[in-house]
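**Student:** My structure file upload.pdb, PDB, C-alpha atoms, is below:
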```pdb
ATOM      1  CA  MET A   1     -30.659 -37.157  34.104
ATOM      2  CA  LYS A   2     -32.131 -39.928  36.230
ATOM      3  CA  LEU A   3     -32.445 -37.989  39.476
ATOM      4  CA  ILE A   4     -36.059 -37.911  40.620
ATOM      5  CA  GLN A   5     -37.082 -34.270  40.565
ATOM      6  CA  ASN A   6     -39.443 -34.386  43.491
ATOM      7  CA  SER A   7     -37.072 -36.156  45.881
ATOM      8  CA  LEU A   8     -38.895 -34.584  48.832
ATOM      9  CA  LEU A   9     -41.580 -37.279  48.457
ATOM     10  CA  ALA A  10     -38.925 -39.965  48.594
ATOM     11  CA  VAL A  11     -37.474 -38.421  51.734
ATOM     12  CA  MET A  12     -40.901 -38.311  53.378
ATOM     13  CA  ALA A  13     -41.578 -41.922  52.433
ATOM     14  CA  ALA A  14     -38.226 -43.063  53.781
ATOM     15  CA  SER A  15     -38.788 -41.117  56.987
ATOM     16  CA  GLY A  16     -42.196 -42.699  57.376
ATOM     17  CA  LEU A  17     -40.690 -46.144  57.099
ATOM     18  CA  ALA A  18     -38.106 -45.232  59.707
ATOM     19  CA  VAL A  19     -40.832 -44.059  62.111
ATOM     20  CA  ALA A  20     -42.819 -47.261  61.626
ATOM     21  CA  THR A  21     -39.734 -49.365  62.223
ATOM     22  CA  GLN A  22     -38.632 -47.563  65.361
ATOM     23  CA  ALA A  23     -42.074 -47.986  66.949
ATOM     24  CA  THR A  24     -41.634 -51.746  67.013
ATOM     25  CA  ALA A  25     -37.872 -51.979  67.481
ATOM     26  CA  ASP A  26     -36.817 -54.037  70.472
ATOM     27  CA  ASP A  27     -33.941 -51.710  71.297
ATOM     28  CA  HIS A  28     -36.176 -48.602  71.170
ATOM     29  CA  GLN A  29     -33.497 -46.648  69.316
ATOM     30  CA  LEU A  30     -34.723 -43.657  67.336
ATOM     31  CA  SER A  31     -33.696 -43.135  63.715
ATOM     32  CA  GLN A  32     -32.186 -40.065  62.128
ATOM     33  CA  ALA A  33     -33.428 -38.556  58.879
ATOM     34  CA  PRO A  34     -32.258 -40.242  55.652
ATOM     35  CA  GLY A  35     -28.478 -40.090  55.438
ATOM     36  CA  PHE A  36     -27.662 -38.307  52.225
ATOM     37  CA  TYR A  37     -26.022 -34.974  51.521
ATOM     38  CA  ARG A  38     -25.257 -33.494  48.117
ATOM     39  CA  MET A  39     -23.150 -30.697  46.732
ATOM     40  CA  ASN A  40     -21.790 -29.542  43.405
ATOM     41  CA  VAL A  41     -18.262 -30.238  42.255
ATOM     42  CA  GLY A  42     -17.987 -28.210  39.085
ATOM     43  CA  ASP A  43     -20.741 -29.457  36.773
ATOM     44  CA  PHE A  44     -21.237 -32.691  38.744
ATOM     45  CA  VAL A  45     -23.402 -33.451  41.758
ATOM     46  CA  VAL A  46     -21.721 -35.545  44.459
ATOM     47  CA  THR A  47     -24.031 -37.168  46.993
ATOM     48  CA  ALA A  48     -22.662 -38.569  50.251
ATOM     49  CA  LEU A  49     -24.525 -41.723  51.297
ATOM     50  CA  ASN A  50     -24.253 -43.031  54.844
ATOM     51  CA  ASP A  51     -24.299 -46.816  55.270
ATOM     52  CA  GLY A  52     -24.494 -46.475  59.060
ATOM     53  CA  THR A  53     -22.081 -46.383  61.970
ATOM     54  CA  SER A  54     -20.005 -48.925  63.837
ATOM     55  CA  ASP A  55     -17.872 -48.805  66.961
ATOM     56  CA  MET A  56     -14.095 -48.899  66.486
ATOM     57  CA  ALA A  57     -11.738 -49.744  69.341
ATOM     58  CA  ALA A  58      -9.212 -47.094  68.346
ATOM     59  CA  HIS A  59      -7.167 -47.603  71.524
ATOM     60  CA  LYS A  60      -6.497 -51.206  70.477
ATOM     61  CA  LEU A  61      -6.271 -50.877  66.706
ATOM     62  CA  LEU A  62      -4.077 -47.820  66.198
ATOM     63  CA  HIS A  63      -0.314 -48.293  66.361
ATOM     64  CA  TRP A  64       0.264 -45.657  69.033
ATOM     65  CA  ASP A  65       0.422 -45.311  72.793
ATOM     66  CA  GLU A  66      -3.046 -45.784  74.318
ATOM     67  CA  ASP A  67      -2.770 -42.739  76.578
ATOM     68  CA  LYS A  68      -1.872 -40.577  73.580
ATOM     69  CA  ILE A  69      -4.803 -41.997  71.595
ATOM     70  CA  ARG A  70      -7.266 -41.220  74.378
ATOM     71  CA  ALA A  71      -5.784 -37.747  74.875
ATOM     72  CA  ALA A  72      -6.086 -36.978  71.161
ATOM     73  CA  LEU A  73      -9.694 -38.165  71.133
ATOM     74  CA  ALA A  74     -10.468 -36.131  74.253
ATOM     75  CA  GLU A  75      -9.530 -32.995  72.297
ATOM     76  CA  HIS A  76     -12.647 -33.764  70.234
ATOM     77  CA  PHE A  77     -14.778 -34.751  73.260
ATOM     78  CA  MET A  78     -14.587 -38.420  72.240
ATOM     79  CA  ASP A  79     -13.283 -41.636  73.708
ATOM     80  CA  SER A  80     -12.580 -45.124  72.441
ATOM     81  CA  PRO A  81     -14.424 -47.110  71.161
ATOM     82  CA  VAL A  82     -15.321 -44.427  68.610
ATOM     83  CA  GLU A  83     -18.625 -44.536  66.739
ATOM     84  CA  GLY A  84     -17.386 -44.269  63.165
ATOM     85  CA  SER A  85     -19.266 -43.543  59.951
ATOM     86  CA  ILE A  86     -19.195 -45.709  56.845
ATOM     87  CA  ASN A  87     -19.867 -43.558  53.794
ATOM     88  CA  GLY A  88     -20.152 -44.064  50.048
ATOM     89  CA  PHE A  89     -20.324 -41.328  47.427
ATOM     90  CA  LEU A  90     -22.395 -41.033  44.264
ATOM     91  CA  VAL A  91     -21.018 -38.942  41.399
ATOM     92  CA  ASP A  92     -23.775 -37.791  39.026
ATOM     93  CA  THR A  93     -22.180 -36.417  35.866
ATOM     94  CA  GLY A  94     -25.525 -35.893  34.159
ATOM     95  CA  ALA A  95     -24.712 -38.618  31.650
ATOM     96  CA  GLN A  96     -23.764 -41.273  34.200
ATOM     97  CA  GLN A  97     -24.253 -42.158  37.847
ATOM     98  CA  ILE A  98     -21.043 -43.529  39.374
ATOM     99  CA  LEU A  99     -21.044 -44.915  42.918
ATOM    100  CA  ILE A 100     -17.798 -45.043  44.891
ATOM    101  CA  ASP A 101     -17.933 -47.881  47.469
ATOM    102  CA  THR A 102     -21.047 -49.715  48.625
ATOM    103  CA  GLY A 103     -20.886 -50.046  52.404
ATOM    104  CA  MET A 104     -21.301 -53.194  54.478
ATOM    105  CA  GLY A 105     -24.563 -54.337  52.949
ATOM    106  CA  LYS A 106     -27.625 -55.905  54.547
ATOM    107  CA  GLY A 107     -27.718 -58.400  57.382
ATOM    108  CA  VAL A 108     -24.452 -57.669  59.202
ATOM    109  CA  SER A 109     -25.716 -55.228  61.820
ATOM    110  CA  PRO A 110     -28.923 -53.219  62.431
ATOM    111  CA  SER A 111     -26.792 -50.069  62.427
ATOM    112  CA  LEU A 112     -25.323 -50.788  58.965
ATOM    113  CA  GLY A 113     -26.512 -51.616  55.450
ATOM    114  CA  LYS A 114     -28.443 -48.380  54.938
ATOM    115  CA  LEU A 115     -26.664 -47.057  51.832
ATOM    116  CA  THR A 116     -29.276 -48.230  49.325
ATOM    117  CA  THR A 117     -32.106 -46.861  51.485
ATOM    118  CA  HIS A 118     -30.401 -43.480  51.489
ATOM    119  CA  LEU A 119     -29.733 -43.761  47.763
ATOM    120  CA  ALA A 120     -33.484 -44.111  47.219
ATOM    121  CA  ALA A 121     -34.204 -41.215  49.569
ATOM    122  CA  ALA A 122     -31.851 -39.089  47.442
ATOM    123  CA  GLY A 123     -33.948 -39.881  44.378
ATOM    124  CA  TYR A 124     -32.050 -42.695  42.664
ATOM    125  CA  THR A 125     -32.911 -46.322  41.986
ATOM    126  CA  LEU A 126     -30.529 -49.277  42.042
ATOM    127  CA  GLU A 127     -31.015 -49.549  38.290
ATOM    128  CA  ASP A 128     -29.798 -45.969  37.810
ATOM    129  CA  ILE A 129     -26.239 -46.829  38.816
ATOM    130  CA  ASP A 130     -24.028 -47.195  35.723
ATOM    131  CA  ALA A 131     -20.705 -47.908  37.431
ATOM    132  CA  VAL A 132     -19.383 -48.799  40.870
ATOM    133  CA  TYR A 133     -15.803 -47.896  41.760
ATOM    134  CA  ILE A 134     -14.289 -49.799  44.682
ATOM    135  CA  THR A 135     -11.523 -48.161  46.716
ATOM    136  CA  HIS A 136     -10.344 -51.550  48.053
ATOM    137  CA  PHE A 137     -11.616 -55.035  48.853
ATOM    138  CA  HIS A 138     -12.433 -54.769  52.588
ATOM    139  CA  GLY A 139     -15.959 -55.762  53.572
ATOM    140  CA  ASP A 140     -17.269 -52.348  54.609
ATOM    141  CA  HIS A 141     -16.547 -51.096  51.087
ATOM    142  CA  VAL A 142     -17.544 -54.038  48.865
ATOM    143  CA  SER A 143     -20.186 -56.062  50.742
ATOM    144  CA  GLY A 144     -23.020 -53.853  49.525
ATOM    145  CA  LEU A 145     -22.409 -55.080  45.976
ATOM    146  CA  VAL A 146     -24.355 -58.291  46.524
ATOM    147  CA  ASN A 147     -27.512 -59.388  48.326
ATOM    148  CA  ASN A 148     -28.394 -63.096  48.561
ATOM    149  CA  GLY A 149     -25.852 -63.858  45.857
ATOM    150  CA  GLU A 150     -27.392 -61.419  43.368
ATOM    151  CA  ARG A 151     -26.136 -58.111  42.014
ATOM    152  CA  VAL A 152     -27.537 -55.172  43.971
ATOM    153  CA  PHE A 153     -26.831 -52.825  41.042
ATOM    154  CA  PRO A 154     -28.093 -54.775  38.018
ATOM    155  CA  ASN A 155     -27.004 -52.297  35.345
ATOM    156  CA  ALA A 156     -23.625 -51.361  36.791
ATOM    157  CA  LYS A 157     -20.128 -52.425  35.892
ATOM    158  CA  VAL A 158     -17.762 -52.764  38.847
ATOM    159  CA  TYR A 159     -14.293 -51.214  38.601
ATOM    160  CA  VAL A 160     -11.441 -52.250  40.893
ATOM    161  CA  HIS A 161      -7.653 -52.052  40.798
ATOM    162  CA  GLU A 162      -6.133 -55.238  39.413
ATOM    163  CA  ARG A 163      -4.068 -55.753  42.588
ATOM    164  CA  ASP A 164      -7.269 -56.066  44.632
ATOM    165  CA  ALA A 165      -9.305 -57.908  42.010
ATOM    166  CA  ASP A 166      -8.314 -61.396  43.132
ATOM    167  CA  ALA A 167      -8.470 -60.849  46.875
ATOM    168  CA  GLU A 168      -9.883 -64.052  48.332
ATOM    169  CA  SER A 169     -12.097 -62.228  50.823
ATOM    170  CA  ALA A 170     -13.832 -60.335  48.007
ATOM    171  CA  GLN A 171     -14.420 -63.126  45.517
ATOM    172  CA  SER A 172     -18.029 -63.755  46.525
ATOM    173  CA  LYS A 173     -18.805 -60.055  46.190
ATOM    174  CA  TYR A 174     -17.321 -59.797  42.710
ATOM    175  CA  ALA A 175     -18.540 -63.149  41.370
ATOM    176  CA  PRO A 176     -22.060 -62.150  40.174
ATOM    177  CA  TYR A 177     -20.592 -59.204  38.278
ATOM    178  CA  ARG A 178     -17.878 -61.359  36.711
ATOM    179  CA  ALA A 179     -20.559 -63.822  35.602
ATOM    180  CA  ALA A 180     -22.496 -60.982  33.962
ATOM    181  CA  ASP A 181     -19.361 -59.671  32.209
ATOM    182  CA  ALA A 182     -19.691 -56.525  34.334
ATOM    183  CA  PHE A 183     -16.385 -56.636  36.217
ATOM    184  CA  VAL A 184     -13.522 -54.433  35.036
ATOM    185  CA  THR A 185     -10.005 -54.131  36.414
ATOM    186  CA  PHE A 186      -7.641 -51.226  35.890
ATOM    187  CA  ALA A 187      -3.909 -50.781  36.344
ATOM    188  CA  ASP A 188      -1.745 -47.916  37.565
ATOM    189  CA  GLY A 189      -2.099 -44.957  35.211
ATOM    190  CA  GLU A 190      -5.543 -45.960  33.911
ATOM    191  CA  SER A 191      -8.760 -44.004  34.495
ATOM    192  CA  PRO A 192     -11.813 -45.685  32.931
ATOM    193  CA  HIS A 193     -14.191 -42.690  33.087
ATOM    194  CA  ALA A 194     -13.668 -39.078  32.089
ATOM    195  CA  GLY A 195     -13.937 -36.828  35.118
ATOM    196  CA  ILE A 196     -12.693 -39.453  37.585
ATOM    197  CA  LYS A 197      -8.923 -39.817  37.862
ATOM    198  CA  VAL A 198      -7.562 -42.922  39.569
ATOM    199  CA  ASN A 199      -4.783 -42.331  42.096
ATOM    200  CA  PRO A 200      -3.324 -45.690  43.210
ATOM    201  CA  THR A 201      -2.361 -45.550  46.905
ATOM    202  CA  PRO A 202      -1.123 -49.027  47.870
ATOM    203  CA  GLY A 203      -0.420 -49.694  51.518
ATOM    204  CA  HIS A 204      -3.727 -50.198  53.248
ATOM    205  CA  THR A 205      -4.282 -52.956  50.674
ATOM    206  CA  PRO A 206      -2.133 -53.679  47.607
ATOM    207  CA  GLY A 207      -4.697 -52.118  45.281
ATOM    208  CA  HIS A 208      -6.116 -49.370  47.490
ATOM    209  CA  SER A 209      -7.090 -46.480  45.214
ATOM    210  CA  VAL A 210      -8.201 -42.908  45.724
ATOM    211  CA  TYR A 211     -10.457 -41.223  43.145
ATOM    212  CA  HIS A 212     -10.135 -37.587  42.076
ATOM    213  CA  VAL A 213     -13.483 -36.252  40.871
ATOM    214  CA  GLU A 214     -12.667 -33.385  38.507
ATOM    215  CA  SER A 215     -15.117 -30.978  36.882
ATOM    216  CA  GLY A 216     -15.265 -27.270  36.095
ATOM    217  CA  GLY A 217     -11.859 -26.568  37.619
ATOM    218  CA  GLN A 218     -12.794 -28.176  40.952
ATOM    219  CA  THR A 219     -11.436 -31.399  42.462
ATOM    220  CA  MET A 220     -12.832 -33.649  45.165
ATOM    221  CA  VAL A 221     -10.571 -36.438  46.421
ATOM    222  CA  VAL A 222     -12.662 -39.455  47.424
ATOM    223  CA  TRP A 223     -10.739 -41.837  49.650
ATOM    224  CA  GLY A 224     -11.561 -45.151  51.273
ATOM    225  CA  ASP A 225      -9.250 -46.116  54.132
ATOM    226  CA  THR A 226      -6.621 -43.419  53.844
ATOM    227  CA  LEU A 227      -7.795 -42.535  57.353
ATOM    228  CA  HIS A 228      -9.850 -44.406  59.967
ATOM    229  CA  VAL A 229      -9.925 -42.268  63.131
ATOM    230  CA  ALA A 230     -10.232 -38.579  62.304
ATOM    231  CA  GLY A 231      -9.778 -37.480  65.924
ATOM    232  CA  VAL A 232      -6.267 -38.937  65.889
ATOM    233  CA  GLN A 233      -4.957 -39.246  62.351
ATOM    234  CA  PHE A 234      -5.559 -35.739  61.034
ATOM    235  CA  ALA A 235      -3.380 -34.180  63.721
ATOM    236  CA  HIS A 236      -1.083 -37.226  63.754
ATOM    237  CA  PRO A 237      -1.034 -38.627  60.208
ATOM    238  CA  GLU A 238       1.992 -40.762  61.036
ATOM    239  CA  VAL A 239      -0.216 -43.101  63.104
ATOM    240  CA  THR A 240      -1.146 -46.360  61.348
ATOM    241  CA  ILE A 241      -3.716 -49.047  62.085
ATOM    242  CA  GLN A 242      -3.787 -52.836  62.321
ATOM    243  CA  TYR A 243      -5.936 -53.087  59.188
ATOM    244  CA  ASP A 244      -3.049 -51.864  56.984
ATOM    245  CA  SER A 245      -1.442 -54.650  54.956
ATOM    246  CA  ASP A 246       1.747 -52.564  54.776
ATOM    247  CA  PRO A 247       1.716 -49.881  57.509
ATOM    248  CA  ASP A 248       4.840 -48.098  56.263
ATOM    249  CA  LYS A 249       3.410 -47.713  52.760
ATOM    250  CA  ALA A 250       0.030 -46.671  54.145
ATOM    251  CA  ARG A 251       1.697 -43.971  56.265
ATOM    252  CA  ALA A 252       3.719 -42.670  53.316
ATOM    253  CA  GLN A 253       0.636 -42.525  51.087
ATOM    254  CA  ARG A 254      -1.368 -40.640  53.722
ATOM    255  CA  LEU A 255       1.369 -38.069  54.298
ATOM    256  CA  GLN A 256       1.790 -37.504  50.572
ATOM    257  CA  LEU A 257      -1.955 -37.280  49.928
ATOM    258  CA  PHE A 258      -2.638 -34.916  52.846
ATOM    259  CA  GLU A 259       0.120 -32.571  51.697
ATOM    260  CA  MET A 260      -1.171 -32.489  48.132
ATOM    261  CA  ILE A 261      -4.779 -31.910  49.194
ATOM    262  CA  ALA A 262      -3.905 -29.097  51.614
ATOM    263  CA  GLU A 263      -1.611 -27.323  49.143
ATOM    264  CA  ASN A 264      -4.232 -27.404  46.383
ATOM    265  CA  GLU A 265      -7.231 -26.790  48.671
ATOM    266  CA  TYR A 266      -9.052 -29.767  47.169
ATOM    267  CA  TRP A 267     -12.301 -31.072  48.558
ATOM    268  CA  VAL A 268     -12.123 -34.374  50.449
ATOM    269  CA  ALA A 269     -14.810 -37.047  50.744
ATOM    270  CA  GLY A 270     -13.840 -39.684  53.306
ATOM    271  CA  ALA A 271     -15.388 -43.093  53.937
ATOM    272  CA  HIS A 272     -14.749 -42.990  57.700
ATOM    273  CA  ILE A 273     -15.127 -39.308  58.530
ATOM    274  CA  ALA A 274     -18.264 -38.291  60.455
ATOM    275  CA  PHE A 275     -21.110 -38.060  57.935
ATOM    276  CA  PRO A 276     -21.252 -36.528  55.394
ATOM    277  CA  GLY A 277     -17.465 -36.835  55.491
ATOM    278  CA  ILE A 278     -16.868 -33.849  53.196
ATOM    279  CA  GLY A 279     -14.482 -30.995  53.910
ATOM    280  CA  ARG A 280     -10.973 -29.644  53.370
ATOM    281  CA  LEU A 281      -7.582 -29.926  55.066
ATOM    282  CA  LYS A 282      -5.442 -27.152  56.573
ATOM    283  CA  LYS A 283      -1.818 -27.684  57.553
ATOM    284  CA  GLU A 284      -1.440 -27.184  61.298
ATOM    285  CA  ASN A 285       1.743 -27.796  63.320
ATOM    286  CA  ASP A 286       3.047 -31.267  62.381
ATOM    287  CA  GLY A 287      -0.343 -32.441  61.182
ATOM    288  CA  TYR A 288      -3.570 -31.202  59.663
ATOM    289  CA  ARG A 289      -6.897 -29.721  60.704
ATOM    290  CA  TRP A 290     -10.167 -30.937  59.255
ATOM    291  CA  VAL A 291     -12.502 -28.149  58.050
ATOM    292  CA  PRO A 292     -15.991 -29.566  57.399
ATOM    293  CA  ALA A 293     -17.940 -28.321  54.402
ATOM    294  CA  ASN A 294     -20.345 -25.500  55.115
ATOM    295  CA  TYR A 295     -23.889 -26.809  54.872
ATOM    296  CA  THR A 296     -25.528 -25.872  51.591
ATOM    297  CA  THR A 297     -28.984 -26.058  50.014
ATOM    298  CA  ARG A 298     -27.825 -24.445  46.759
ATOM    299  CA  ILE A 299     -27.464 -27.449  44.472
ATOM    300  CA  GLU A 300     -27.560 -27.181  40.684
ATOM    301  CA  GLN A 301     -28.460 -30.060  38.399
ATOM    302  CA  PRO A 302     -25.468 -31.804  36.762
ATOM    303  CA  LYS A 303     -24.724 -30.507  33.272
TER     304      LYS A 303
END
```
Is it possible to express this structure as structure tokens?
**Tutor:**
Amino acid sequence: MKLIQNSLLAVMAASGLAVATQATADDHQLSQAPGFYRMNVGDFVVTALNDGTSDMAAHKLLHWDEDKIRAALAEHFMDSPVEGSINGFLVDTGAQQILIDTGMGKGVSPSLGKLTTHLAAAGYTLEDIDAVYITHFHGDHVSGLVNNGERVFPNAKVYVHERDADAESAQSKYAPYRAADAFVTFADGESPHAGIKVNPTPGHTPGHSVYHVESGGQTMVVWGDTLHVAGVQFAHPEVTIQYDSDPDKARAQRLQLFEMIAENEYWVAGAHIAFPGIGRLKKENDGYRWVPANYTTRIEQPK
């Protein structure tokens, strides 16, 4: 088990750095505490890691009437643009540390690229990561793989669906891992690691995949871009977004996945749900209601 036992010291150190930074920041913005949150899923520990937030012009990007979009957001006391989270999730099985998605990485925006800082605050090093699963090739999910052309996770193999493996926009992110013989593709029906079941959900991208973390009779469904704007798409899952490569397929996958999750009362961990992005779904009218996880401090070590 590679988790640092006294992670409180790491949290204090990370907080100290944040305080020092904010004192000299030109924009005078204050920082929150380190963005990690962990919970047990069976015998595993899943840690949500926030990469930061970014504004999304939902009223322009969603395929729906603008007045309806703003009305739906107003139900949640929000408006567009929406400040959206970008989250990754670490699955600690005890034997292995498996990261799902890597965020936007350093250098894009001061409000992004914080996933590795929060990983350290949670008590892990970059070298601890044994595997990185990618939900799909878009930049806010794969860009954190590489920094200055080098692997960010030097001991990790990267796993991606074969239909997204050759995406031109992701080649530079995958290249250092390919060169190190640490890049693995999988096909429909394949699941490289015990305890993580691959559920291919093509539509947002051809190889978009959802991962079912399964341990001790519990399941957490970790998704990438199944949903972008929680204030709209939970209640109205039929609404698609411009980022979808095939909107009709993306809609069908979301409807099918939401129904399955709600019926089975599975946990959900979402890349673009307000941090920590963990909760459950309840069927409500023609859509669904998001029920955030109850905050917990009762975490057991992975077995």
**Student:** Between atom CA of Asn40 of chain A and atom CA of Glu300 of chain A, measure the distance and give it in Å to one decimal.
**Tutor:** 6.8 Å
**Student:** Kindly resolve the PyMOL selection byres ((chain A and resi 260) around 12) on the present coordinates and return the residues as a tab-separated table (two decimals) with C-alpha atoms, in the frame of the given file.
**Tutor:**
```tsv
chain	number	residue	atom	x	y	z
A	212	HIS	CA	-10.14	-37.59	42.08
A	219	THR	CA	-11.44	-31.40	42.46
A	221	VAL	CA	-10.57	-36.44	46.42
A	253	GLN	CA	0.64	-42.52	51.09
A	254	ARG	CA	-1.37	-40.64	53.72
A	255	LEU	CA	1.37	-38.07	54.30
A	256	GLN	CA	1.79	-37.50	50.57
A	257	LEU	CA	-1.96	-37.28	49.93
A	258	PHE	CA	-2.64	-34.92	52.85
A	259	GLU	CA	0.12	-32.57	51.70
A	261	ILE	CA	-4.78	-31.91	49.19
A	262	ALA	CA	-3.90	-29.10	51.61
A	263	GLU	CA	-1.61	-27.32	49.14
A	264	ASN	CA	-4.23	-27.40	46.38
A	265	GLU	CA	-7.23	-26.79	48.67
A	266	TYR	CA	-9.05	-29.77	47.17
A	267	TRP	CA	-12.30	-31.07	48.56
A	268	VAL	CA	-12.12	-34.37	50.45
A	280	ARG	CA	-10.97	-29.64	53.37
A	281	LEU	CA	-7.58	-29.93	55.07
A	282	LYS	CA	-5.44	-27.15	56.57
A	283	LYS	CA	-1.82	-27.68	57.55
A	288	TYR	CA	-3.57	-31.20	59.66
```
**Student:** I want to know what sits within 10 Å of Ala293 of chain A, based on only C-alpha atoms, with residues of the same chain fewer than 3 positions away left out; could you give that as number ranges by chain?
**Tutor:** A: 39, 267-269, 276-280, 290, 296
**Student:** Excluding Lys173 of chain A and any residue of its chain fewer than 2 positions from it, enumerate the residues within 12 Å of it, using all atoms listed in the file, and give them as a PyMOL selection string.
**Tutor:** chain A and resi 102-105+134+137-153+158+160+165-171+175-179+183
**Student:** Could you list, as a list in words, every residue matched by the PyMOL selection byres ((chain A and resi 52) around 8) in this structure?
**Tutor:** Asn50, Asp51, Thr53, Ser54, Ser85, Ile86, Asn87, Ser111, Leu112, Gly113, Lys114 and Leu115 of chain A
**Student:** Using the chain letters and residue numbers of this document, give as a VMD selection string the residues selected by the PyMOL selection byres ((chain A and resi 232) around 10).
**Tutor:** chain A and resid 58 62 64 68 to 76 227 to 231 233 to 239 287
**Student:** Which value, in Å to one decimal, gives the distance between atom CA of Val210 of chain A and atom CA of Ser191 of chain A?
**Tutor:** 11.3 Å
**Student:** One decimal, in Å: what's the spacing between atom CA of Gly217 of chain A and atom CA of Asp43 of chain A?
**Tutor:** 9.4 Å
**Student:** Pick from A:Ser31, A:Thr125, A:Ser215, A:Thr47: nearest to Ala156 of chain A, with only C-alpha atoms counted?
**Tutor:**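 Closest to Ala156 of chain A, using only C-alpha atoms: A:Thr125.
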**Student:** Would you fill the gaps in segment 217-228 of chain A so it has N, CA, C and O atoms, then print it as a PDB file, in the coordinates of the input?
**Tutor:**
```pdb
ATOM      1  N   GLY A 217     -12.972 -27.156  36.879  1.00  0.00           N
ATOM      2  CA  GLY A 217     -11.859 -26.568  37.619  1.00  0.00           C
ATOM      3  C   GLY A 217     -11.847 -26.912  39.093  1.00  0.00           C
ATOM      4  O   GLY A 217     -10.987 -26.423  39.830  1.00  0.00           O
ATOM      5  N   GLN A 218     -12.769 -27.757  39.560  1.00  0.00           N
ATOM      6  CA  GLN A 218     -12.794 -28.176  40.952  1.00  0.00           C
ATOM      7  C   GLN A 218     -12.411 -29.652  41.058  1.00  0.00           C
ATOM      8  O   GLN A 218     -12.642 -30.437  40.132  1.00  0.00           O
ATOM      9  N   THR A 219     -11.834 -30.021  42.207  1.00  0.00           N
ATOM     10  CA  THR A 219     -11.436 -31.399  42.462  1.00  0.00           C
ATOM     11  C   THR A 219     -11.905 -31.839  43.843  1.00  0.00           C
ATOM     12  O   THR A 219     -11.719 -31.113  44.821  1.00  0.00           O
ATOM     13  N   MET A 220     -12.499 -33.003  43.896  1.00  0.00           N
ATOM     14  CA  MET A 220     -12.832 -33.649  45.165  1.00  0.00           C
ATOM     15  C   MET A 220     -12.097 -34.980  45.210  1.00  0.00           C
ATOM     16  O   MET A 220     -12.245 -35.807  44.308  1.00  0.00           O
ATOM     17  N   VAL A 221     -11.316 -35.195  46.250  1.00  0.00           N
ATOM     18  CA  VAL A 221     -10.571 -36.438  46.421  1.00  0.00           C
ATOM     19  C   VAL A 221     -11.404 -37.375  47.299  1.00  0.00           C
ATOM     20  O   VAL A 221     -11.647 -37.083  48.463  1.00  0.00           O
ATOM     21  N   VAL A 222     -11.840 -38.474  46.710  1.00  0.00           N
ATOM     22  CA  VAL A 222     -12.662 -39.455  47.424  1.00  0.00           C
ATOM     23  C   VAL A 222     -11.763 -40.606  47.852  1.00  0.00           C
ATOM     24  O   VAL A 222     -11.194 -41.301  47.018  1.00  0.00           O
ATOM     25  N   TRP A 223     -11.616 -40.770  49.170  1.00  0.00           N
ATOM     26  CA  TRP A 223     -10.739 -41.837  49.650  1.00  0.00           C
ATOM     27  C   TRP A 223     -11.527 -42.862  50.457  1.00  0.00           C
ATOM     28  O   TRP A 223     -12.587 -42.577  51.005  1.00  0.00           O
ATOM     29  N   GLY A 224     -10.958 -44.067  50.503  1.00  0.00           N
ATOM     30  CA  GLY A 224     -11.561 -45.151  51.273  1.00  0.00           C
ATOM     31  C   GLY A 224     -10.975 -45.201  52.657  1.00  0.00           C
ATOM     32  O   GLY A 224     -11.453 -44.554  53.583  1.00  0.00           O
ATOM     33  N   ASP A 225      -9.856 -45.955  52.816  1.00  0.00           N
ATOM     34  CA  ASP A 225      -9.250 -46.116  54.132  1.00  0.00           C
ATOM     35  C   ASP A 225      -7.900 -45.425  54.238  1.00  0.00           C
ATOM     36  O   ASP A 225      -6.975 -45.936  54.880  1.00  0.00           O
ATOM     37  N   THR A 226      -7.798 -44.256  53.619  1.00  0.00           N
ATOM     38  CA  THR A 226      -6.621 -43.419  53.844  1.00  0.00           C
ATOM     39  C   THR A 226      -6.536 -43.032  55.309  1.00  0.00           C
ATOM     40  O   THR A 226      -5.452 -42.865  55.870  1.00  0.00           O
ATOM     41  N   LEU A 227      -7.697 -42.923  55.947  1.00  0.00           N
ATOM     42  CA  LEU A 227      -7.795 -42.535  57.353  1.00  0.00           C
ATOM     43  C   LEU A 227      -8.966 -43.277  57.986  1.00  0.00           C
ATOM     44  O   LEU A 227     -10.004 -43.465  57.343  1.00  0.00           O
ATOM     45  N   HIS A 228      -8.793 -43.702  59.247  1.00  0.00           N
ATOM     46  CA  HIS A 228      -9.850 -44.406  59.967  1.00  0.00           C
ATOM     47  C   HIS A 228     -10.399 -43.617  61.158  1.00  0.00           C
ATOM     48  O   HIS A 228     -11.594 -43.658  61.433  1.00  0.00           O
TER      49      HIS A 228
END
```
